[in-house]
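Undergrad: Please see the structure below; I have some questions.
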Amino acid sequence: MRKNLRLFIYLVFLLLNAGAAIAQNKIVVFQTDFGLKDGAVSEMKGVSMSVSSDLKLFDLTHEIPAYNIWEAAYRLEQTVRYWPAGTVFVSVVDPGVGTSRKSVVLKTKSGHYIVTPDNGTLTLVSESLGIDEIREIDENVNRRKDSQKSFTFHGRDVYSYTAARLAAGVISFEQVGPKLPKQVVKIPYQKAVLDGETVKGDIPVLDVQYGNVWTNIPDTLFNRLKPAYSTMIHVVVFYKQKQVYQGDMPYSQTFGDVAEGKPLAYINSLLQLSFALNMGDFAKTYGVSSGSDWSVEVSLK
């Protein structure tokens, strides 16, 4: 009887602490537009390690173009799902630092945590992974000691400090600060849709190393056009609704299916429709870029 009671109490303890435990896998992943030319990123990591030397610190990227909130949103969308539940992300692309924008921690329905200004950075991940809960960072508690005179480096003084405390189990998610409504600031963009015989979407990002153009059109939606490999598809690209590119290319399984320098359409590693030149730079050749103002329409020839 006593043994059963102890077992019952232990199980209750595990249930009550399950939510806290998921935030305590000690992993923190950093994303910024700071670059690595100076000590800013190192300062952020130093603050984190000062909270707990047991933390495991990783980089998503520090090469987001300066002030480009949209690309920060996309890189989170691209990456977060591949990390274990309980991982804490710090995303600092914050042109409004020190203004009235909120500093928040979003917990996704997948159990990931994102510490960031609520300035549009959460646009995509809030849609794909869902919002379990959002809390505003209480800077009276979750701010690096003696940093109140610093108004322009919240990435170090607030976000890294809060993320480290959360990941290390120094605080629970509830201790981040007050609970907010389940809504975030969003950047408008063209969502992937089927419009008759045409698929529409946007160009969220470039495969920057090679100049390939990635869309947000998933293979499942594109396949509703019933394309076969070698089928020619018609592609029109717009910037702020003004046509920038129009052309035809074969739907291909891989780059080598076309001659060197020739265009092709393919499904990228994220299972989204993309365009490339074999051994060339599609974006540079045709003056195509990426972001919420870039859209695309695709149909079969």
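Naming works like this for the structure tokens: A, B, ... for the chains as they're shown, residue 1 at the start of each chain, ligands 1 onward in shown order.
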Write out as a list in words the residues lying within 12 Å of Tyr245 of chain A, counting only C-alpha atoms and excluding same-chain residues fewer than 4 positions away.
TA: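 In the requested form, the answer reads His234, Val235, Val236, Val237, Phe238, Tyr239, Gln241, Phe275, Phe282, Ala283, Lys284, Thr285, Tyr286, Gly287, Val288, Ser289, Trp294, Ser295, Val296, Glu297 and Val298 of chain A.
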Undergrad: Could you name the residues that touch segment 130-137 of chain A at 6 Å or less, counting only C-alpha atoms, but leaving out those on the same chain fewer than 6 positions away, as a list in words?
TA: Ser103, Val104, Val105, Leu106, Lys107, Thr108, Lys109, Val176, Gly177, Pro178, Lys179 and Leu180 of chain A
Undergrad: Any chance you could list, as a list in words, the residues in segment 191-226 of chain A that come up strand (DSSP E) when DSSP is run on the backbone?
TA: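 Put together, the selection reads Val193, Leu194, Asp195, Thr198, Val199, Lys200, Gly201, Asp202, Ile203, Val205, Leu206, Asp207, Asn212, Val213, Trp214, Thr215, Asn216, Ile217 and Pro218 of chain A.
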Undergrad: Limited to all heavy atoms, could you put the picked residues into a file as a compact mmCIF listing (two decimals), in the first residue's frame?
TA:
```
# COMPACT_ATOMS: atom_id res chain seq x y z
N VAL A 193 -1.28 29.11 -53.18
CA VAL A 193 -2.67 28.76 -53.48
C VAL A 193 -2.77 28.25 -54.91
O VAL A 193 -1.95 28.59 -55.77
CB VAL A 193 -3.62 29.97 -53.30
CG1 VAL A 193 -3.67 30.42 -51.85
CG2 VAL A 193 -3.23 31.13 -54.21
N LEU A 194 -3.79 27.45 -55.16
CA LEU A 194 -4.12 27.02 -56.52
C LEU A 194 -5.27 27.87 -57.01
O LEU A 194 -6.34 27.90 -56.41
CB LEU A 194 -4.51 25.54 -56.53
CG LEU A 194 -4.90 24.95 -57.89
CD1 LEU A 194 -3.74 25.00 -58.87
CD2 LEU A 194 -5.40 23.51 -57.73
N ASP A 195 -5.04 28.60 -58.11
CA ASP A 195 -6.05 29.48 -58.69
C ASP A 195 -6.35 28.99 -60.10
O ASP A 195 -5.65 29.34 -61.06
CB ASP A 195 -5.53 30.91 -58.70
CG ASP A 195 -6.56 31.92 -59.21
OD1 ASP A 195 -7.71 31.51 -59.49
OD2 ASP A 195 -6.21 33.10 -59.35
N THR A 198 -3.42 27.65 -62.33
CA THR A 198 -2.18 28.34 -61.96
C THR A 198 -1.93 28.22 -60.47
O THR A 198 -2.85 28.38 -59.66
CB THR A 198 -2.27 29.84 -62.34
OG1 THR A 198 -2.47 29.95 -63.76
CG2 THR A 198 -1.00 30.58 -61.95
N VAL A 199 -0.68 27.94 -60.11
CA VAL A 199 -0.28 27.94 -58.71
C VAL A 199 0.42 29.25 -58.42
O VAL A 199 1.32 29.67 -59.16
CB VAL A 199 0.66 26.76 -58.38
CG1 VAL A 199 1.11 26.84 -56.93
CG2 VAL A 199 -0.05 25.43 -58.63
N LYS A 200 0.00 29.92 -57.35
CA LYS A 200 0.59 31.19 -56.95
C LYS A 200 1.31 31.03 -55.61
O LYS A 200 0.88 30.26 -54.76
CB LYS A 200 -0.47 32.28 -56.83
CG LYS A 200 -1.20 32.58 -58.14
CD LYS A 200 -2.26 33.66 -57.94
CE LYS A 200 -2.96 33.99 -59.25
NZ LYS A 200 -4.00 35.04 -59.07
N GLY A 201 2.39 31.77 -55.46
CA GLY A 201 3.12 31.74 -54.19
C GLY A 201 4.07 32.91 -54.11
O GLY A 201 4.00 33.85 -54.92
N ASP A 202 4.96 32.86 -53.12
CA ASP A 202 5.96 33.91 -53.01
C ASP A 202 7.36 33.30 -53.09
O ASP A 202 7.53 32.09 -53.18
CB ASP A 202 5.76 34.75 -51.74
CG ASP A 202 6.39 34.12 -50.49
OD1 ASP A 202 6.60 32.90 -50.47
OD2 ASP A 202 6.64 34.87 -49.54
N ILE A 203 8.36 34.19 -53.09
CA ILE A 203 9.76 33.77 -53.11
C ILE A 203 10.34 34.20 -51.77
O ILE A 203 10.83 35.32 -51.62
CB ILE A 203 10.53 34.40 -54.28
CG1 ILE A 203 9.88 34.00 -55.61
CG2 ILE A 203 12.00 34.00 -54.26
CD1 ILE A 203 10.45 34.71 -56.82
N VAL A 205 12.97 33.24 -50.07
CA VAL A 205 14.42 33.29 -49.87
C VAL A 205 15.11 32.73 -51.10
O VAL A 205 14.51 32.00 -51.90
CB VAL A 205 14.80 32.47 -48.62
CG1 VAL A 205 14.75 30.97 -48.90
CG2 VAL A 205 16.13 32.88 -48.03
N LEU A 206 16.36 33.10 -51.27
CA LEU A 206 17.20 32.51 -52.31
C LEU A 206 18.12 31.47 -51.69
O LEU A 206 18.50 31.58 -50.52
CB LEU A 206 18.06 33.58 -52.99
CG LEU A 206 17.34 34.74 -53.66
CD1 LEU A 206 18.37 35.72 -54.24
CD2 LEU A 206 16.39 34.26 -54.75
N ASP A 207 18.46 30.47 -52.45
CA ASP A 207 19.53 29.55 -52.08
C ASP A 207 20.82 30.30 -52.40
O ASP A 207 21.38 30.20 -53.49
CB ASP A 207 19.40 28.27 -52.90
CG ASP A 207 20.40 27.19 -52.49
OD1 ASP A 207 21.19 27.44 -51.57
OD2 ASP A 207 20.39 26.12 -53.10
N ASN A 212 19.88 29.86 -56.67
CA ASN A 212 18.61 29.22 -56.97
C ASN A 212 17.48 29.98 -56.30
O ASN A 212 17.66 30.60 -55.25
CB ASN A 212 18.61 27.77 -56.48
CG ASN A 212 19.73 26.96 -57.08
OD1 ASN A 212 20.23 27.27 -58.17
ND2 ASN A 212 20.16 25.92 -56.39
N VAL A 213 16.31 29.93 -56.89
CA VAL A 213 15.15 30.69 -56.40
C VAL A 213 14.18 29.71 -55.77
O VAL A 213 13.65 28.82 -56.44
CB VAL A 213 14.47 31.45 -57.57
CG1 VAL A 213 13.17 32.08 -57.11
CG2 VAL A 213 15.43 32.51 -58.12
N TRP A 214 13.93 29.87 -54.48
CA TRP A 214 13.03 28.99 -53.74
C TRP A 214 11.68 29.66 -53.56
O TRP A 214 11.61 30.84 -53.21
CB TRP A 214 13.62 28.65 -52.37
CG TRP A 214 14.78 27.71 -52.40
CD1 TRP A 214 15.45 27.25 -53.49
CD2 TRP A 214 15.41 27.10 -51.26
NE1 TRP A 214 16.45 26.40 -53.13
CE2 TRP A 214 16.46 26.29 -51.76
CE3 TRP A 214 15.20 27.17 -49.90
CZ2 TRP A 214 17.29 25.54 -50.92
CZ3 TRP A 214 16.03 26.42 -49.06
CH2 TRP A 214 17.05 25.63 -49.56
N THR A 215 10.62 28.92 -53.77
CA THR A 215 9.27 29.43 -53.53
C THR A 215 8.69 28.78 -52.27
O THR A 215 9.30 27.88 -51.69
CB THR A 215 8.33 29.14 -54.71
OG1 THR A 215 7.88 27.76 -54.64
CG2 THR A 215 9.00 29.38 -56.05
N ASN A 216 7.52 29.26 -51.88
CA ASN A 216 6.82 28.64 -50.74
C ASN A 216 5.75 27.66 -51.21
O ASN A 216 4.88 27.26 -50.44
CB ASN A 216 6.18 29.72 -49.86
CG ASN A 216 5.05 30.46 -50.56
OD1 ASN A 216 5.00 30.51 -51.80
ND2 ASN A 216 4.17 31.07 -49.79
N ILE A 217 5.81 27.25 -52.49
CA ILE A 217 4.82 26.34 -53.06
C ILE A 217 5.22 24.90 -52.74
O ILE A 217 6.23 24.40 -53.26
CB ILE A 217 4.70 26.52 -54.58
CG1 ILE A 217 4.27 27.96 -54.91
CG2 ILE A 217 3.74 25.51 -55.18
CD1 ILE A 217 4.35 28.32 -56.38
N PRO A 218 4.48 24.19 -51.90
CA PRO A 218 4.86 22.81 -51.56
C PRO A 218 4.62 21.87 -52.72
O PRO A 218 3.78 22.13 -53.59
CB PRO A 218 3.95 22.48 -50.37
CG PRO A 218 2.76 23.36 -50.55
CD PRO A 218 3.26 24.63 -51.19
```
Undergrad: Using only C-alpha atoms, which residue out of A:Met49, A:Met44, A:Ile171, A:Leu60 lies closest to Phe30 of chain A?
TA: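 Closest residue, counting only C-alpha atoms: A:Leu60.
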Undergrad: Give the helix (DSSP H, G or I) residues of segment 4-180 of chain A, as assigned by DSSP on the backbone, as number ranges by chain.
TA: A: 4-22, 40-51, 69-82, 123-128, 154-168, 173-176
Undergrad: Using only C-alpha atoms, can you tell me which of A:Ser128, A:Gln183, A:Asn140, A:Asn25 comes closest to Pro84 of chain A?
TA: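 Of all the options, A:Asn25 lies closest to Pro84 of chain A.
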Undergrad: Here is a test: counting only C-alpha atoms, which residue of A:Ser52, A:Asn223, A:Thr61, A:Thr99 is nearest to Leu36 of chain A?
TA: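 Of A:Ser52, A:Asn223, A:Thr61, A:Thr99, the one nearest Leu36 of chain A, counting only C-alpha atoms, is A:Thr61.
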Undergrad: What's around Leu124 of chain A at 7 Å? Count only C-alpha atoms, leave out sequence neighbours fewer than 6 positions away in its own chain, and write the answer as a compact mmCIF listing (two decimals) with C-alpha atoms, in the first residue's frame.
TA:
```txt
# COMPACT_ATOMS: atom_id res chain seq x y z
CA ALA A 73 11.22 34.85 -40.14
CA TYR A 74 12.06 32.50 -43.00
CA GLU A 77 10.60 28.55 -40.46
```
Undergrad: If we count only C-alpha atoms, what is near Val97 of chain A at a cut-off of 12 Å, once residues fewer than 6 positions away on the same chain are taken out, given as a PyMOL selection string?
TA: chain A and resi 67+103+116-119+150-159
Undergrad: Grab the residues selected above and save them as a short mmCIF file (atom, residue, chain, number, x, y, z; two decimals), in the first residue's frame with C-alpha atoms.
TA:
```cif
data_model
loop_
_atom_site.label_atom_id
_atom_site.label_comp_id
_atom_site.auth_asym_id
_atom_site.auth_seq_id
_atom_site.Cartn_x
_atom_site.Cartn_y
_atom_site.Cartn_z
CA TYR A 67 17.32 44.83 -40.71
CA SER A 103 9.95 41.47 -26.33
CA THR A 116 12.61 37.64 -30.04
CA PRO A 117 11.10 41.05 -30.61
CA ASP A 118 7.53 40.69 -31.86
CA ASN A 119 8.15 42.65 -35.05
CA SER A 150 21.87 50.12 -22.26
CA PHE A 151 19.00 50.74 -24.68
CA THR A 152 20.36 49.33 -27.94
CA PHE A 153 21.52 45.76 -27.24
CA HIS A 154 18.52 43.81 -26.02
CA GLY A 155 19.95 40.76 -27.79
CA ARG A 156 22.61 40.58 -25.10
CA ASP A 157 20.90 42.18 -22.11
CA VAL A 158 17.39 40.71 -22.41
CA TYR A 159 17.02 37.98 -25.04
#
```
Undergrad: Go through A:Leu270, A:Met232, A:Val258, A:Ala276 and flag the residue nearest Tyr82 of chain A, using only C-alpha atoms for the distances.
TA: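 Answer, going by the shortest atom-to-atom distance: A:Leu270.
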Undergrad: Quick one: residues within 10 Å of Glu197 of chain A, only C-alpha atoms counted, chain neighbours fewer than 4 positions away excluded, as a ChimeraX atom specification?
TA: /A:224-225,298-300
Undergrad: Keeping only all heavy atoms, write those residues as an mmCIF file, in the first residue's frame.
TA:
```cif
data_model
loop_
_atom_site.group_PDB
_atom_site.id
_atom_site.type_symbol
_atom_site.label_atom_id
_atom_site.label_comp_id
_atom_site.auth_asym_id
_atom_site.auth_seq_id
_atom_site.Cartn_x
_atom_site.Cartn_y
_atom_site.Cartn_z
ATOM 1 N N ARG A 224 -0.861 19.089 -57.836
ATOM 2 C CA ARG A 224 -2.270 19.147 -58.245
ATOM 3 C C ARG A 224 -2.426 19.599 -59.696
ATOM 4 O O ARG A 224 -3.475 19.421 -60.302
ATOM 5 C CB ARG A 224 -3.052 20.061 -57.296
ATOM 6 C CG ARG A 224 -3.204 19.438 -55.902
ATOM 7 C CD ARG A 224 -3.813 20.371 -54.897
ATOM 8 N NE ARG A 224 -5.187 20.738 -55.241
ATOM 9 C CZ ARG A 224 -5.955 21.537 -54.499
ATOM 10 N NH1 ARG A 224 -5.471 22.040 -53.371
ATOM 11 N NH2 ARG A 224 -7.178 21.827 -54.875
ATOM 12 N N LEU A 225 -1.354 20.149 -60.272
ATOM 13 C CA LEU A 225 -1.348 20.459 -61.708
ATOM 14 C C LEU A 225 -1.059 19.218 -62.547
ATOM 15 O O LEU A 225 -1.137 19.276 -63.773
ATOM 16 C CB LEU A 225 -0.298 21.525 -62.015
ATOM 17 C CG LEU A 225 -0.496 22.915 -61.399
ATOM 18 C CD1 LEU A 225 0.638 23.839 -61.805
ATOM 19 C CD2 LEU A 225 -1.841 23.513 -61.803
ATOM 20 N N VAL A 298 2.835 29.968 -61.563
ATOM 21 C CA VAL A 298 3.347 28.812 -62.302
ATOM 22 C C VAL A 298 2.179 28.057 -62.931
ATOM 23 O O VAL A 298 1.166 27.805 -62.263
ATOM 24 C CB VAL A 298 4.124 27.861 -61.357
ATOM 25 C CG1 VAL A 298 4.596 26.625 -62.122
ATOM 26 C CG2 VAL A 298 5.300 28.588 -60.728
ATOM 27 N N SER A 299 2.325 27.701 -64.188
ATOM 28 C CA SER A 299 1.322 26.888 -64.881
ATOM 29 C C SER A 299 2.027 25.935 -65.837
ATOM 30 O O SER A 299 3.211 26.104 -66.146
ATOM 31 C CB SER A 299 0.348 27.780 -65.637
ATOM 32 O OG SER A 299 1.049 28.630 -66.547
ATOM 33 N N LEU A 300 1.308 24.928 -66.298
ATOM 34 C CA LEU A 300 1.876 23.981 -67.267
ATOM 35 C C LEU A 300 1.703 24.544 -68.673
ATOM 36 O O LEU A 300 0.706 25.202 -68.989
ATOM 37 C CB LEU A 300 1.181 22.632 -67.147
ATOM 38 C CG LEU A 300 1.239 21.923 -65.807
ATOM 39 C CD1 LEU A 300 0.649 20.527 -65.930
ATOM 40 C CD2 LEU A 300 2.662 21.847 -65.268
#
```
Undergrad: From the set A:Trp70, A:Val92, A:Lys262, A:Tyr229, which residue has the shortest atom-to-atom contact distance to Gly35 of chain A, counting only C-alpha atoms?
TA: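 Ranking A:Trp70, A:Val92, A:Lys262, A:Tyr229 by distance to Gly35 of chain A, first place goes to A:Val92.
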